[in-house]
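Beneath this line is the structure, given in structure tokens, with notes to follow.
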Amino acid sequence: MSGKHGKYVYVERSDGWYVKVRVLKSRDATDPTRYIVVGPKTKNPPLTYKVLKEEELPDDVKPELYKI
């Protein structure tokens, strides 16, 4: 399941928090500009959103998850 049209997903960080991320479908999956961290961070993501693991994202995006 995902939010509206799959535009947003939640990414599970290694510390147990989840961060909301915008996904641009028109870009390649390995392109770091495909993922835009928008926040907020939460302990319990909504049930209707898809949840990704931090390891599934490109290495350039991972530091952005911890700035929120």
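Residues in the structure tokens are named by chain (A, B, ... in the order shown) and by number from 1 within that chain; ligands are numbered from 1 in the order shown.
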
Near Gly3 in chain A, within 7 Å and counting only C-alpha atoms, which residues show up once chain neighbours fewer than 4 positions away are dropped, as a short mmCIF file (atom, residue, chain, number, x, y, z; two decimals) with all heavy atoms, in the first residue's frame?
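File produced: result35.cif:
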```cif
data_model
loop_
_atom_site.label_atom_id
_atom_site.label_comp_id
_atom_site.auth_asym_id
_atom_site.auth_seq_id
_atom_site.Cartn_x
_atom_site.Cartn_y
_atom_site.Cartn_z
N LYS A 7 3.42 8.82 -4.33
CA LYS A 7 4.36 9.95 -4.38
C LYS A 7 5.27 9.98 -3.17
O LYS A 7 6.41 10.42 -3.26
CB LYS A 7 3.61 11.28 -4.44
CG LYS A 7 2.89 11.52 -5.72
CD LYS A 7 2.21 12.88 -5.68
CE LYS A 7 1.44 13.14 -6.94
NZ LYS A 7 0.78 14.45 -6.90
N TYR A 8 4.77 9.54 -2.03
CA TYR A 8 5.53 9.60 -0.80
C TYR A 8 5.68 8.20 -0.22
O TYR A 8 4.78 7.37 -0.33
CB TYR A 8 4.83 10.49 0.23
CG TYR A 8 4.75 11.93 -0.20
CD1 TYR A 8 3.61 12.42 -0.84
CD2 TYR A 8 5.80 12.81 0.02
CE1 TYR A 8 3.53 13.74 -1.24
CE2 TYR A 8 5.73 14.12 -0.38
CZ TYR A 8 4.59 14.59 -1.01
OH TYR A 8 4.52 15.89 -1.42
N THR A 48 -1.12 3.24 5.43
CA THR A 48 -1.39 3.29 4.00
C THR A 48 -0.15 3.61 3.18
O THR A 48 -0.22 3.60 1.95
CB THR A 48 -2.47 4.34 3.69
OG1 THR A 48 -2.03 5.60 4.17
CG2 THR A 48 -3.79 3.96 4.33
N TYR A 49 0.98 3.89 3.80
CA TYR A 49 2.19 4.25 3.08
C TYR A 49 3.14 3.08 2.98
O TYR A 49 3.24 2.25 3.88
CB TYR A 49 2.91 5.41 3.79
CG TYR A 49 2.29 6.75 3.51
CD1 TYR A 49 1.12 7.14 4.15
CD2 TYR A 49 2.87 7.62 2.62
CE1 TYR A 49 0.55 8.36 3.89
CE2 TYR A 49 2.31 8.85 2.36
CZ TYR A 49 1.14 9.22 3.00
OH TYR A 49 0.58 10.43 2.73
#
```

Can you pull out the residues contacting Val23 in chain A? Cut-off 10 Å, using only C-alpha atoms, and skip same-chain residues under 4 positions away; I want them as a PDB file with all heavy atoms, in the first residue's frame.
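What ended up in selection_30.pdb:
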```pdb
ATOM      1  N   GLY A   6       1.430   6.936  -4.707  1.00  0.00           N
ATOM      2  CA  GLY A   6       2.788   6.478  -4.449  1.00  0.00           C
ATOM      3  C   GLY A   6       3.826   7.580  -4.490  1.00  0.00           C
ATOM      4  O   GLY A   6       5.007   7.301  -4.670  1.00  0.00           O
ATOM      5  N   LYS A   7       3.415   8.825  -4.325  1.00  0.00           N
ATOM      6  CA  LYS A   7       4.358   9.947  -4.377  1.00  0.00           C
ATOM      7  C   LYS A   7       5.275   9.976  -3.166  1.00  0.00           C
ATOM      8  O   LYS A   7       6.410  10.417  -3.257  1.00  0.00           O
ATOM      9  CB  LYS A   7       3.613  11.279  -4.443  1.00  0.00           C
ATOM     10  CG  LYS A   7       2.887  11.522  -5.723  1.00  0.00           C
ATOM     11  CD  LYS A   7       2.206  12.877  -5.678  1.00  0.00           C
ATOM     12  CE  LYS A   7       1.444  13.137  -6.941  1.00  0.00           C
ATOM     13  NZ  LYS A   7       0.782  14.445  -6.900  1.00  0.00           N
ATOM     14  N   TYR A   8       4.770   9.541  -2.035  1.00  0.00           N
ATOM     15  CA  TYR A   8       5.532   9.601  -0.799  1.00  0.00           C
ATOM     16  C   TYR A   8       5.683   8.202  -0.218  1.00  0.00           C
ATOM     17  O   TYR A   8       4.785   7.369  -0.331  1.00  0.00           O
ATOM     18  CB  TYR A   8       4.832  10.492   0.230  1.00  0.00           C
ATOM     19  CG  TYR A   8       4.747  11.933  -0.202  1.00  0.00           C
ATOM     20  CD1 TYR A   8       3.614  12.422  -0.839  1.00  0.00           C
ATOM     21  CD2 TYR A   8       5.798  12.810   0.015  1.00  0.00           C
ATOM     22  CE1 TYR A   8       3.527  13.743  -1.242  1.00  0.00           C
ATOM     23  CE2 TYR A   8       5.726  14.124  -0.384  1.00  0.00           C
ATOM     24  CZ  TYR A   8       4.587  14.589  -1.009  1.00  0.00           C
ATOM     25  OH  TYR A   8       4.519  15.891  -1.416  1.00  0.00           O
ATOM     26  N   VAL A   9       6.814   7.970   0.423  1.00  0.00           N
ATOM     27  CA  VAL A   9       7.057   6.732   1.160  1.00  0.00           C
ATOM     28  C   VAL A   9       7.695   7.111   2.489  1.00  0.00           C
ATOM     29  O   VAL A   9       8.155   8.245   2.669  1.00  0.00           O
ATOM     30  CB  VAL A   9       7.989   5.761   0.395  1.00  0.00           C
ATOM     31  CG1 VAL A   9       7.354   5.314  -0.905  1.00  0.00           C
ATOM     32  CG2 VAL A   9       9.338   6.360   0.158  1.00  0.00           C
ATOM     33  N   ARG A  27      12.518   9.497 -12.635  1.00  0.00           N
ATOM     34  CA  ARG A  27      13.970   9.348 -12.579  1.00  0.00           C
ATOM     35  C   ARG A  27      14.356   7.905 -12.265  1.00  0.00           C
ATOM     36  O   ARG A  27      13.583   7.140 -11.716  1.00  0.00           O
ATOM     37  CB  ARG A  27      14.544  10.287 -11.530  1.00  0.00           C
ATOM     38  CG  ARG A  27      14.163  11.730 -11.857  1.00  0.00           C
ATOM     39  CD  ARG A  27      15.009  12.707 -11.184  1.00  0.00           C
ATOM     40  NE  ARG A  27      14.548  14.052 -11.580  1.00  0.00           N
ATOM     41  CZ  ARG A  27      14.718  15.108 -10.864  1.00  0.00           C
ATOM     42  NH1 ARG A  27      15.340  15.036  -9.716  1.00  0.00           N
ATOM     43  NH2 ARG A  27      14.285  16.267 -11.291  1.00  0.00           N
ATOM     44  N   ALA A  29      16.006   4.630 -10.560  1.00  0.00           N
ATOM     45  CA  ALA A  29      16.001   4.217  -9.150  1.00  0.00           C
ATOM     46  C   ALA A  29      17.350   4.436  -8.476  1.00  0.00           C
ATOM     47  O   ALA A  29      17.414   4.592  -7.262  1.00  0.00           O
ATOM     48  CB  ALA A  29      15.597   2.759  -9.037  1.00  0.00           C
ATOM     49  N   THR A  33      18.812  12.049  -6.929  1.00  0.00           N
ATOM     50  CA  THR A  33      17.845  13.147  -6.989  1.00  0.00           C
ATOM     51  C   THR A  33      16.412  12.642  -7.100  1.00  0.00           C
ATOM     52  O   THR A  33      15.488  13.445  -7.106  1.00  0.00           O
ATOM     53  CB  THR A  33      18.156  14.079  -8.169  1.00  0.00           C
ATOM     54  OG1 THR A  33      18.079  13.334  -9.387  1.00  0.00           O
ATOM     55  CG2 THR A  33      19.528  14.703  -8.025  1.00  0.00           C
ATOM     56  N   ARG A  34      16.225  11.342  -7.183  1.00  0.00           N
ATOM     57  CA  ARG A  34      14.880  10.770  -7.223  1.00  0.00           C
ATOM     58  C   ARG A  34      14.190  10.893  -5.863  1.00  0.00           C
ATOM     59  O   ARG A  34      12.973  10.981  -5.780  1.00  0.00           O
ATOM     60  CB  ARG A  34      14.957   9.300  -7.639  1.00  0.00           C
ATOM     61  CG  ARG A  34      13.615   8.625  -7.642  1.00  0.00           C
ATOM     62  CD  ARG A  34      13.683   7.188  -8.030  1.00  0.00           C
ATOM     63  NE  ARG A  34      12.354   6.609  -7.939  1.00  0.00           N
ATOM     64  CZ  ARG A  34      11.956   5.569  -8.614  1.00  0.00           C
ATOM     65  NH1 ARG A  34      12.773   4.956  -9.426  1.00  0.00           N
ATOM     66  NH2 ARG A  34      10.740   5.110  -8.471  1.00  0.00           N
ATOM     67  N   TYR A  35      14.962  10.899  -4.800  1.00  0.00           N
ATOM     68  CA  TYR A  35      14.419  10.903  -3.437  1.00  0.00           C
ATOM     69  C   TYR A  35      14.647  12.266  -2.789  1.00  0.00           C
ATOM     70  O   TYR A  35      15.772  12.734  -2.689  1.00  0.00           O
ATOM     71  CB  TYR A  35      15.096   9.816  -2.603  1.00  0.00           C
ATOM     72  CG  TYR A  35      14.960   8.449  -3.217  1.00  0.00           C
ATOM     73  CD1 TYR A  35      15.979   7.903  -3.988  1.00  0.00           C
ATOM     74  CD2 TYR A  35      13.806   7.708  -3.049  1.00  0.00           C
ATOM     75  CE1 TYR A  35      15.855   6.653  -4.565  1.00  0.00           C
ATOM     76  CE2 TYR A  35      13.667   6.453  -3.620  1.00  0.00           C
ATOM     77  CZ  TYR A  35      14.698   5.935  -4.377  1.00  0.00           C
ATOM     78  OH  TYR A  35      14.563   4.695  -4.951  1.00  0.00           O
ATOM     79  N   ILE A  36      13.559  12.879  -2.316  1.00  0.00           N
ATOM     80  CA  ILE A  36      13.626  14.172  -1.648  1.00  0.00           C
ATOM     81  C   ILE A  36      13.070  13.996  -0.241  1.00  0.00           C
ATOM     82  O   ILE A  36      11.892  13.669  -0.063  1.00  0.00           O
ATOM     83  CB  ILE A  36      12.805  15.228  -2.413  1.00  0.00           C
ATOM     84  CG1 ILE A  36      13.320  15.348  -3.848  1.00  0.00           C
ATOM     85  CG2 ILE A  36      12.862  16.564  -1.692  1.00  0.00           C
ATOM     86  CD1 ILE A  36      12.436  16.176  -4.745  1.00  0.00           C
ATOM     87  N   VAL A  37      13.910  14.213   0.752  1.00  0.00           N
ATOM     88  CA  VAL A  37      13.492  14.062   2.144  1.00  0.00           C
ATOM     89  C   VAL A  37      12.671  15.282   2.532  1.00  0.00           C
ATOM     90  O   VAL A  37      13.147  16.412   2.442  1.00  0.00           O
ATOM     91  CB  VAL A  37      14.713  13.905   3.072  1.00  0.00           C
ATOM     92  CG1 VAL A  37      14.266  13.777   4.515  1.00  0.00           C
ATOM     93  CG2 VAL A  37      15.545  12.704   2.647  1.00  0.00           C
TER      94      VAL A  37
END
```

Can you tell me, as a PDB file with C-alpha atoms, in the first residue's frame, what residues are no more than 6 Å from Glu12 in chain A when counting only C-alpha atoms, ignoring any on the same chain fewer than 3 positions away?
```
ATOM      1  CA  TYR A  18      10.756   6.745  10.067  1.00  0.00           C
ATOM      2  CA  LYS A  53      14.579   0.270   4.441  1.00  0.00           C
ATOM      3  CA  GLU A  54      17.463   2.741   4.580  1.00  0.00           C
TER       4      GLU A  54
END
```

Identify, on the basis of only C-alpha atoms, every residue whose closest approach to Lys67 in chain A does not exceed 10 Å; exclude the query and any residue fewer than 3 positions from it along the same chain; express the result as a ChimeraX atom specification. /A:37,39,62-64

As number ranges by chain, please: every residue in chain A that DSSP puts in strand (DSSP E). A: 8-12, 18-23, 35-42, 51-53

Extract, using only C-alpha atoms, all DNA, RNA and protein residues at most 7 Å from Ile68 in chain A, discarding same-chain residues fewer than 2 positions from it, and format them as a PyMOL selection string. chain A and resi 39+41+65-66
